[in-house]
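Here is upload-v8.cif, consisting of mmCIF, C-alpha atoms:
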```cif
data_upload
#
loop_
_atom_site.label_atom_id
_atom_site.label_comp_id
_atom_site.auth_asym_id
_atom_site.auth_seq_id
_atom_site.Cartn_x
_atom_site.Cartn_y
_atom_site.Cartn_z
CA ASN A 63 -80.27 -12.37 -71.96
CA LEU A 64 -77.91 -13.23 -74.83
CA THR A 65 -78.90 -15.60 -77.59
CA ALA A 66 -76.91 -18.81 -77.67
CA LEU A 67 -73.63 -18.89 -79.56
CA GLY A 68 -73.72 -21.11 -82.67
CA GLY A 69 -71.41 -23.72 -81.09
CA GLU A 70 -68.90 -24.28 -78.29
CA CYS A 71 -66.98 -21.06 -77.59
CA ARG A 72 -63.31 -21.51 -78.49
CA GLY A 73 -62.19 -18.01 -77.45
CA SER A 74 -63.68 -14.59 -76.93
CA ALA A 75 -62.48 -11.01 -76.54
CA VAL A 76 -63.67 -7.44 -76.30
CA LEU A 77 -61.44 -5.25 -78.48
CA THR A 78 -61.25 -1.45 -78.44
CA ASN A 79 -60.18 0.52 -81.52
CA THR A 80 -58.47 3.92 -81.67
CA SER A 81 -61.77 5.83 -81.42
CA GLY A 82 -62.77 3.91 -78.27
CA SER A 83 -65.40 1.77 -80.00
CA ARG A 84 -65.64 -1.76 -78.64
CA ARG A 85 -66.37 -4.98 -80.50
CA HIS A 86 -67.06 -8.28 -78.71
CA PHE A 87 -66.09 -11.45 -80.61
CA ALA A 88 -66.47 -15.15 -79.94
CA GLY A 89 -65.17 -17.96 -82.12
CA THR A 90 -66.35 -21.54 -82.49
CA GLN A 91 -64.61 -24.33 -84.37
CA THR A 92 -66.20 -23.30 -87.68
CA ALA A 93 -67.43 -19.71 -87.27
CA MET A 94 -66.73 -16.25 -85.86
CA PHE A 95 -69.44 -14.18 -84.16
CA GLU A 96 -69.79 -10.55 -83.05
CA LEU A 97 -72.16 -9.46 -80.33
CA SER A 98 -74.81 -6.98 -81.50
CA GLY A 99 -77.21 -6.04 -78.72
CA THR A 100 -78.26 -9.42 -77.31
CA ALA A 101 -77.59 -11.47 -80.47
CA TRP A 102 -74.47 -13.09 -81.89
CA ILE A 103 -74.07 -12.13 -85.57
CA ASP A 104 -72.00 -14.39 -87.85
CA VAL A 105 -68.98 -12.39 -89.08
CA SER A 106 -67.03 -15.37 -90.43
CA ARG A 107 -65.09 -15.06 -93.65
CA THR A 108 -66.96 -16.30 -96.73
CA ALA A 109 -65.44 -19.82 -96.54
CA LEU A 110 -66.20 -21.77 -93.35
CA TYR A 111 -63.37 -22.28 -90.88
CA THR A 112 -62.21 -25.85 -90.46
CA GLY A 113 -60.67 -25.50 -87.02
CA SER A 114 -59.80 -28.63 -85.10
CA THR A 115 -61.10 -30.40 -82.04
CA GLU A 116 -58.48 -28.57 -79.92
CA ASN A 117 -57.86 -25.14 -81.45
CA ARG A 118 -58.63 -21.89 -79.63
CA TRP A 119 -59.18 -18.40 -81.04
CA LEU A 120 -56.89 -15.60 -79.84
CA PHE A 121 -57.66 -11.95 -80.60
CA ASP A 122 -55.81 -8.65 -80.65
CA GLN A 123 -56.37 -5.07 -81.79
CA PHE A 124 -53.94 -3.32 -84.17
CA GLY A 125 -55.09 0.27 -84.59
CA ASN A 126 -58.62 -0.06 -85.98
CA VAL A 127 -58.13 -3.64 -87.15
CA ALA A 128 -59.34 -6.64 -85.16
CA ILE A 129 -56.92 -9.56 -85.56
CA ALA A 130 -57.77 -13.22 -84.83
CA THR A 131 -55.94 -16.53 -85.10
CA ASN A 132 -56.72 -20.17 -84.30
CA ASP A 133 -53.66 -22.26 -85.33
CA THR A 134 -55.56 -23.69 -88.32
CA GLU A 135 -56.49 -20.77 -90.61
CA LYS A 136 -54.54 -17.81 -91.97
CA ILE A 137 -54.53 -14.91 -89.52
CA GLN A 138 -57.86 -13.06 -89.83
CA TRP A 139 -58.66 -9.33 -89.92
CA SER A 140 -61.73 -7.10 -89.70
CA THR A 141 -62.33 -3.36 -89.38
CA SER A 142 -66.12 -3.82 -89.44
CA GLY A 143 -68.38 -6.69 -90.41
CA ARG A 144 -66.90 -9.94 -91.68
CA PHE A 145 -63.40 -11.25 -91.05
CA ASP A 146 -61.14 -12.25 -93.92
CA ASP A 147 -57.77 -13.95 -94.39
CA ILE A 148 -54.59 -11.91 -94.33
CA THR A 149 -53.42 -13.83 -97.36
CA ALA A 150 -49.70 -13.12 -96.91
CA ALA A 151 -49.71 -14.01 -93.19
CA PRO A 152 -48.73 -17.37 -91.74
CA ILE A 153 -51.02 -19.64 -89.80
CA ALA A 154 -50.24 -18.94 -86.14
CA ARG A 155 -51.18 -20.29 -82.74
CA ILE A 156 -50.42 -16.94 -81.04
CA VAL A 157 -50.86 -13.36 -82.24
CA PHE A 158 -50.38 -10.00 -80.53
CA SER A 159 -49.38 -6.48 -81.47
CA THR A 160 -46.47 -4.54 -80.08
CA GLY A 161 -45.36 -1.11 -81.13
CA ASN A 162 -46.02 -0.84 -84.84
CA PHE A 163 -46.05 -4.57 -85.63
CA VAL A 164 -48.29 -7.61 -85.42
CA MET A 165 -46.36 -10.59 -84.04
CA ALA A 166 -47.19 -14.22 -84.80
CA LEU A 167 -45.71 -17.12 -82.80
CA ASN A 168 -45.71 -20.89 -83.29
CA THR A 169 -46.39 -20.68 -87.02
CA ASN A 170 -47.01 -22.74 -90.12
CA ASP A 171 -46.31 -21.32 -93.58
CA THR A 172 -45.42 -22.42 -97.10
CA THR A 173 -41.73 -21.46 -96.78
CA TYR A 174 -40.76 -22.96 -93.41
CA GLY A 175 -43.62 -25.39 -92.75
CA ASP A 176 -44.81 -26.16 -89.23
CA SER A 177 -42.42 -24.27 -86.93
CA PRO A 178 -43.45 -24.33 -83.26
CA ASP A 179 -40.41 -22.21 -82.32
CA ARG A 180 -40.77 -19.63 -85.15
CA TRP A 181 -41.88 -16.01 -84.84
CA TRP A 182 -42.96 -13.61 -87.57
CA CYS A 183 -43.62 -9.89 -87.50
CA SER A 184 -45.70 -7.99 -90.03
CA ALA A 185 -44.34 -5.02 -91.91
CA TYR A 186 -43.90 -1.79 -89.96
CA GLN A 187 -47.37 -0.24 -89.42
CA ASP A 188 -48.96 -2.74 -91.86
CA TYR A 189 -50.83 -5.77 -90.52
CA SER A 190 -51.42 -7.07 -94.07
CA SER A 191 -47.79 -7.30 -95.28
CA TRP A 192 -45.79 -10.35 -94.16
CA ALA A 193 -43.26 -11.03 -96.95
CA ALA A 194 -39.80 -10.82 -95.37
CA SER A 195 -38.20 -7.55 -96.51
CA VAL A 196 -35.54 -5.21 -95.15
CA THR A 197 -37.52 -2.30 -96.62
CA THR A 198 -40.84 -3.08 -94.87
CA GLN A 199 -39.18 -4.67 -91.80
CA ALA A 200 -41.40 -7.78 -92.02
CA THR A 201 -39.22 -10.65 -90.87
CA THR A 202 -39.06 -14.03 -89.18
CA GLY A 203 -36.78 -16.10 -87.01
CA ARG A 204 -36.62 -18.96 -84.54
CA LEU A 205 -36.27 -18.98 -80.77
CA ILE A 206 -34.39 -22.22 -80.29
CA GLY A 207 -32.93 -21.95 -76.76
CA ASN A 208 -34.23 -24.54 -74.26
CA GLY A 209 -36.13 -26.30 -77.04
CA GLY A 210 -39.85 -26.71 -77.11
CA GLU A 211 -42.65 -24.76 -78.69
CA LEU A 212 -43.65 -21.15 -78.18
CA SER A 213 -46.70 -21.32 -75.93
CA ALA A 214 -47.60 -17.66 -75.26
CA GLY A 215 -46.68 -14.13 -76.21
CA LEU A 216 -47.56 -10.57 -75.32
CA MET A 217 -46.58 -6.93 -75.47
CA LEU A 218 -44.69 -5.59 -72.47
CA GLY A 219 -44.27 -1.84 -72.92
CA PRO A 220 -42.12 -1.45 -76.05
CA TYR A 221 -41.03 -5.11 -75.95
CA ALA A 222 -42.34 -8.40 -77.27
CA VAL A 223 -42.29 -11.35 -74.87
CA ALA A 224 -42.37 -14.98 -76.04
CA TYR A 225 -42.77 -17.89 -73.66
CA LYS A 226 -41.73 -21.53 -73.79
CA GLN A 227 -42.36 -24.06 -71.05
CA THR A 228 -38.97 -23.42 -69.40
CA SER A 229 -37.81 -20.08 -70.80
CA ILE A 230 -38.83 -16.52 -71.59
CA PHE A 231 -37.54 -14.44 -74.52
CA LEU A 232 -37.59 -10.64 -74.55
CA GLY A 233 -37.74 -9.05 -78.00
CA SER A 234 -36.46 -5.51 -78.48
CA TYR A 235 -37.11 -3.50 -81.62
CA VAL A 236 -33.69 -2.54 -83.06
CA GLY A 237 -34.58 -1.58 -86.65
CA THR A 238 -33.07 -2.88 -89.87
CA PRO A 239 -31.56 -5.22 -90.79
CA VAL A 240 -32.25 -7.32 -87.64
CA VAL A 241 -35.58 -5.61 -86.72
CA TRP A 242 -36.18 -7.64 -83.49
CA GLN A 243 -33.36 -8.69 -81.14
CA TRP A 244 -34.40 -11.56 -78.86
CA ASP A 245 -32.69 -12.30 -75.53
CA ARG A 246 -33.44 -15.28 -73.31
#
```
Rewrite the coordinates I just gave you, this time as structure tokens.
Amino acid sequence: NLTALGGECRGSAVLTNTSGSRRHFAGTQTAMFELSGTAWIDVSRTALYTGSTENRWLFDQFGNVAIATNDTEKIQWSTSGRFDDITAAPIARIVFSTGNFVMALNTNDTTYGDSPDRWWCSAYQDYSSWAASVTTQATTGRLIGNGGELSAGLMLGPYAVAYKQTSIFLGSYVGTPVVWQWDR
């Protein structure tokens, strides 16, 4: 009984915030929608998304903030209503939260360019701060072992896990100045 989505679905998720409220999202190549009753409501940022013929939306919840990424746009955020760019964040293929950080894998940014083996973490308890800083603990690095691109990532208890085609990296939070220690 749902109305049709405004295009081919490129990823969908039901996210639950800290109060237990759920939001159901679906992304297309050029728009983001939220389910309201039986209708999909456009909650895209003000500027249309460009997407690509192959990109997929991935979603995660960080406290009360819905996070979304599609490997073409800046990482998106929403607490209610429309999404918007996290202007300081990289473009990322993969995003997930672990502990008090948002992690981004397989990234593209103005400093390092397209880096399929790069990871970033937001500042401690702040999804919106991504400038590398010992004070905020936002940082970045590369997972070079076994070559290839980072293809998946997730939280595993207090750890971050990053996957390549032939290897797995386990990230442990160790605090400043390293912040995340990665072991293959």
Which centre and edge lengths in Å to one decimal define the box along x, y and z that fits every listed atom of segment 207-212 of chain A plus 4 Å per side, as lines of an AutoDock Vina configuration file?
```
center_x = -38.3
center_y = -23.9
center_z = -76.5
size_x = 18.7
size_y = 13.6
size_z = 12.4
```
How would you write, as a PyMOL selection string, the residues chosen by the PyMOL selection byres ((chain A and resi 90) around 6) on this structure? chain A and resi 69-72+89+91-93
Save out the residues we just selected, C-alpha atoms, as an mmCIF file, in the coordinates of the input.
```cif
data_model
loop_
_atom_site.group_PDB
_atom_site.id
_atom_site.type_symbol
_atom_site.label_atom_id
_atom_site.label_comp_id
_atom_site.auth_asym_id
_atom_site.auth_seq_id
_atom_site.Cartn_x
_atom_site.Cartn_y
_atom_site.Cartn_z
ATOM 1 C CA GLY A 69 -71.410 -23.720 -81.090
ATOM 2 C CA GLU A 70 -68.900 -24.280 -78.290
ATOM 3 C CA CYS A 71 -66.980 -21.060 -77.590
ATOM 4 C CA ARG A 72 -63.310 -21.510 -78.490
ATOM 5 C CA GLY A 89 -65.170 -17.960 -82.120
ATOM 6 C CA GLN A 91 -64.610 -24.330 -84.370
ATOM 7 C CA THR A 92 -66.200 -23.300 -87.680
ATOM 8 C CA ALA A 93 -67.430 -19.710 -87.270
#
```
Selection under test: the PyMOL selection byres ((chain A and resi 75-77) around 6); residues as an mmCIF file with C-alpha atoms, keeping the file's coordinate frame:
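File selection_14.cif, as written:
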```
data_model
loop_
_atom_site.group_PDB
_atom_site.id
_atom_site.type_symbol
_atom_site.label_atom_id
_atom_site.label_comp_id
_atom_site.auth_asym_id
_atom_site.auth_seq_id
_atom_site.Cartn_x
_atom_site.Cartn_y
_atom_site.Cartn_z
ATOM 1 C CA SER A 74 -63.680 -14.590 -76.930
ATOM 2 C CA THR A 78 -61.250 -1.450 -78.440
ATOM 3 C CA ARG A 84 -65.640 -1.760 -78.640
ATOM 4 C CA ARG A 85 -66.370 -4.980 -80.500
ATOM 5 C CA HIS A 86 -67.060 -8.280 -78.710
ATOM 6 C CA PHE A 87 -66.090 -11.450 -80.610
#
```
Using the chain letters and numbers from the file, give me the residues hit by the PyMOL selection byres ((chain A and resi 154) around 7), as a list in words.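 With the shown file as input, the PyMOL selection byres ((chain A and resi 154) around 7) matches Thr131, Asn132, Asp133, Ile137, Pro152, Ile153, Arg155, Ile156, Val157, Ala166, Leu167, Asn168, Thr169 and Asn170 of chain A.
The coordinates place atom CA of Asp147 of chain A at 16.9 Å from atom CA of Ala88 of chain A.
The residue that comes closest to Trp182 of chain A, out of A:Leu216, A:Leu232, A:Trp242, A:Thr108 and on the basis of all atoms listed in the file, is A:Trp242.
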For the contact check between segment 152-180 of chain A and segment 187-195 of chain A, emit one row per residue of segment 152-180 of chain A within 10 Å, containing the shortest atom pair and the distance in Å rounded to one decimal, counting only C-alpha atoms, chain then rising number order, as JSON lines.
```
{"residue": "A:Pro152", "atom": "CA", "partner": "A:Trp192", "partner_atom": "CA", "distance": 8.0}
{"residue": "A:Ser159", "atom": "CA", "partner": "A:Tyr189", "partner_atom": "CA", "distance": 9.2}
{"residue": "A:Gly161", "atom": "CA", "partner": "A:Gln187", "partner_atom": "CA", "distance": 8.6}
{"residue": "A:Asn162", "atom": "CA", "partner": "A:Gln187", "partner_atom": "CA", "distance": 4.8}
{"residue": "A:Phe163", "atom": "CA", "partner": "A:Gln187", "partner_atom": "CA", "distance": 5.9}
{"residue": "A:Val164", "atom": "CA", "partner": "A:Tyr189", "partner_atom": "CA", "distance": 6.0}
{"residue": "A:Met165", "atom": "CA", "partner": "A:Tyr189", "partner_atom": "CA", "distance": 9.2}
```
Tell me which protein, DNA and RNA residues are within 9 Å of Trp102 of chain A, counting all atoms listed in the file, leaving out same-chain ones fewer than 6 positions away, and put them as a list in words. Leu64, Thr65, Ala66, Leu67, Gly68, Phe87, Ala88, Phe95 and Glu96 of chain A
Go ahead and save the picked residues with C-alpha atoms, as a PDB file, in the coordinates of the input.
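Output below, filename selection-v4.pdb:
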```pdb
ATOM      1  CA  LEU A  64     -77.910 -13.230 -74.830  1.00  0.00           C
ATOM      2  CA  THR A  65     -78.900 -15.600 -77.590  1.00  0.00           C
ATOM      3  CA  ALA A  66     -76.910 -18.810 -77.670  1.00  0.00           C
ATOM      4  CA  LEU A  67     -73.630 -18.890 -79.560  1.00  0.00           C
ATOM      5  CA  GLY A  68     -73.720 -21.110 -82.670  1.00  0.00           C
ATOM      6  CA  PHE A  87     -66.090 -11.450 -80.610  1.00  0.00           C
ATOM      7  CA  ALA A  88     -66.470 -15.150 -79.940  1.00  0.00           C
ATOM      8  CA  PHE A  95     -69.440 -14.180 -84.160  1.00  0.00           C
ATOM      9  CA  GLU A  96     -69.790 -10.550 -83.050  1.00  0.00           C
TER      10      GLU A  96
END
```
If you measure from atom CA of Val105 of chain A to atom CA of Phe145 of chain A, what distance in Å do you get, rounded to one decimal? 6.0 Å
Of A:Val127, A:Ala151, A:Leu212, A:Leu120, the one sitting nearest Asn79 of chain A when using only C-alpha atoms is A:Val127
Nearest residue to Arg246 of chain A from the set A:Leu205, A:Ala128, A:Met217, A:Ile148 (distances using all atoms listed in the file):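 Counting all atoms listed in the file, the residue closest to Arg246 of chain A is A:Leu205.
Atom CA of Asp245 of chain A sits 5.4 Å away from atom CA of Phe231 of chain A.
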Restricting to only C-alpha atoms, whichever of A:Thr228, A:Gln123, A:Pro220, A:Ser114 is closest to Asn208 of chain A is A:Thr228
Contacts of Arg204 of chain A at 9 Å or less, counting all atoms listed in the file, minus same-chain residues fewer than 5 places along, as a compact mmCIF listing (two decimals) with C-alpha atoms, in the coordinates of the input?
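Writing done, so here's around.txt:
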```
# COMPACT_ATOMS: atom_id res chain seq x y z
CA SER A 177 -42.42 -24.27 -86.93
CA PRO A 178 -43.45 -24.33 -83.26
CA ASP A 179 -40.41 -22.21 -82.32
CA ARG A 180 -40.77 -19.63 -85.15
CA TRP A 181 -41.88 -16.01 -84.84
CA TRP A 182 -42.96 -13.61 -87.57
```
Counting only C-alpha atoms, which residue out of A:Tyr111, A:Tyr186, A:Trp119, A:Phe158 sits closest to Val241 of chain A?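 Selected residue with least distance to Val241 of chain A: A:Tyr186.
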Between A:Asn63, A:Val236, A:Ala200, A:Asn126, which one has atoms that come closest to Ser81 of chain A, using only C-alpha atoms?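 The closest residue to Ser81 of chain A is A:Asn126.
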Which residues, written as a VMD selection string, have at least one atom at most 8 Å from Gln227 of chain A, with only C-alpha atoms counted and residues fewer than 6 positions away on the same chain left out? chain A and resid 210 to 213
Your completed segment 140-151 of chain A with all heavy atoms, as an mmCIF file, in the coordinates of the input:
```
data_model
loop_
_atom_site.group_PDB
_atom_site.id
_atom_site.type_symbol
_atom_site.label_atom_id
_atom_site.label_comp_id
_atom_site.auth_asym_id
_atom_site.auth_seq_id
_atom_site.Cartn_x
_atom_site.Cartn_y
_atom_site.Cartn_z
ATOM 1 N N SER A 140 -60.448 -7.759 -89.472
ATOM 2 C CA SER A 140 -61.730 -7.100 -89.700
ATOM 3 C C SER A 140 -61.674 -5.686 -89.140
ATOM 4 O O SER A 140 -61.188 -5.485 -88.026
ATOM 5 C CB SER A 140 -62.861 -7.864 -89.011
ATOM 6 O OG SER A 140 -64.072 -7.126 -89.059
ATOM 7 N N THR A 141 -62.171 -4.720 -89.909
ATOM 8 C CA THR A 141 -62.330 -3.360 -89.380
ATOM 9 C C THR A 141 -63.798 -3.103 -89.055
ATOM 10 O O THR A 141 -64.122 -2.268 -88.232
ATOM 11 C CB THR A 141 -61.835 -2.286 -90.368
ATOM 12 O OG1 THR A 141 -62.469 -2.488 -91.630
ATOM 13 C CG2 THR A 141 -60.329 -2.355 -90.524
ATOM 14 N N SER A 142 -64.682 -3.827 -89.728
ATOM 15 C CA SER A 142 -66.120 -3.820 -89.440
ATOM 16 C C SER A 142 -66.716 -4.976 -90.231
ATOM 17 O O SER A 142 -66.208 -5.354 -91.279
ATOM 18 C CB SER A 142 -66.774 -2.500 -89.866
ATOM 19 O OG SER A 142 -66.715 -2.349 -91.260
ATOM 20 N N GLY A 143 -67.759 -5.566 -89.708
ATOM 21 C CA GLY A 143 -68.380 -6.690 -90.410
ATOM 22 C C GLY A 143 -67.515 -7.924 -90.426
ATOM 23 O O GLY A 143 -66.827 -8.237 -89.456
ATOM 24 N N ARG A 144 -67.549 -8.631 -91.561
ATOM 25 C CA ARG A 144 -66.900 -9.940 -91.680
ATOM 26 C C ARG A 144 -65.377 -9.908 -91.558
ATOM 27 O O ARG A 144 -64.739 -8.936 -91.924
ATOM 28 C CB ARG A 144 -67.256 -10.567 -93.027
ATOM 29 C CG ARG A 144 -68.715 -10.941 -93.138
ATOM 30 C CD ARG A 144 -68.943 -11.875 -94.320
ATOM 31 N NE ARG A 144 -70.312 -12.346 -94.339
ATOM 32 C CZ ARG A 144 -70.764 -13.362 -93.612
ATOM 33 N NH1 ARG A 144 -69.961 -14.022 -92.830
ATOM 34 N NH2 ARG A 144 -72.021 -13.719 -93.684
ATOM 35 N N PHE A 145 -64.845 -11.021 -91.056
ATOM 36 C CA PHE A 145 -63.400 -11.250 -91.050
ATOM 37 C C PHE A 145 -62.987 -11.778 -92.417
ATOM 38 O O PHE A 145 -63.812 -12.278 -93.184
ATOM 39 C CB PHE A 145 -63.020 -12.276 -89.975
ATOM 40 C CG PHE A 145 -62.867 -11.683 -88.611
ATOM 41 C CD1 PHE A 145 -63.972 -11.477 -87.805
ATOM 42 C CD2 PHE A 145 -61.623 -11.323 -88.133
ATOM 43 C CE1 PHE A 145 -63.839 -10.931 -86.545
ATOM 44 C CE2 PHE A 145 -61.474 -10.767 -86.868
ATOM 45 C CZ PHE A 145 -62.582 -10.579 -86.080
ATOM 46 N N ASP A 146 -61.700 -11.695 -92.703
ATOM 47 C CA ASP A 146 -61.140 -12.250 -93.920
ATOM 48 C C ASP A 146 -59.700 -12.665 -93.653
ATOM 49 O O ASP A 146 -59.084 -12.217 -92.685
ATOM 50 C CB ASP A 146 -61.195 -11.223 -95.060
ATOM 51 C CG ASP A 146 -61.162 -11.879 -96.434
ATOM 52 O OD1 ASP A 146 -61.068 -13.124 -96.522
ATOM 53 O OD2 ASP A 146 -61.225 -11.149 -97.430
ATOM 54 N N ASP A 147 -59.162 -13.522 -94.517
ATOM 55 C CA ASP A 147 -57.770 -13.950 -94.390
ATOM 56 C C ASP A 147 -56.835 -12.785 -94.661
ATOM 57 O O ASP A 147 -57.080 -11.976 -95.557
ATOM 58 C CB ASP A 147 -57.438 -15.032 -95.427
ATOM 59 C CG ASP A 147 -58.145 -16.341 -95.200
ATOM 60 O OD1 ASP A 147 -58.747 -16.534 -94.126
ATOM 61 O OD2 ASP A 147 -58.096 -17.188 -96.109
ATOM 62 N N ILE A 148 -55.736 -12.724 -93.921
ATOM 63 C CA ILE A 148 -54.590 -11.910 -94.330
ATOM 64 C C ILE A 148 -53.766 -12.867 -95.169
ATOM 65 O O ILE A 148 -53.039 -13.709 -94.637
ATOM 66 C CB ILE A 148 -53.789 -11.384 -93.120
ATOM 67 C CG1 ILE A 148 -54.674 -10.536 -92.213
ATOM 68 C CG2 ILE A 148 -52.583 -10.588 -93.612
ATOM 69 C CD1 ILE A 148 -53.995 -10.083 -90.926
ATOM 70 N N THR A 149 -53.929 -12.792 -96.471
ATOM 71 C CA THR A 149 -53.420 -13.830 -97.360
ATOM 72 C C THR A 149 -51.907 -14.031 -97.270
ATOM 73 O O THR A 149 -51.431 -15.141 -97.443
ATOM 74 C CB THR A 149 -53.807 -13.546 -98.821
ATOM 75 O OG1 THR A 149 -53.383 -12.234 -99.174
ATOM 76 C CG2 THR A 149 -55.314 -13.648 -99.012
ATOM 77 N N ALA A 150 -51.151 -12.994 -96.987
ATOM 78 C CA ALA A 150 -49.700 -13.120 -96.910
ATOM 79 C C ALA A 150 -49.219 -13.611 -95.547
ATOM 80 O O ALA A 150 -48.050 -13.949 -95.389
ATOM 81 C CB ALA A 150 -49.047 -11.778 -97.242
ATOM 82 N N ALA A 151 -50.100 -13.646 -94.560
ATOM 83 C CA ALA A 151 -49.710 -14.010 -93.190
ATOM 84 C C ALA A 151 -49.577 -15.516 -93.033
ATOM 85 O O ALA A 151 -50.207 -16.292 -93.755
ATOM 86 C CB ALA A 151 -50.750 -13.480 -92.204
#
```
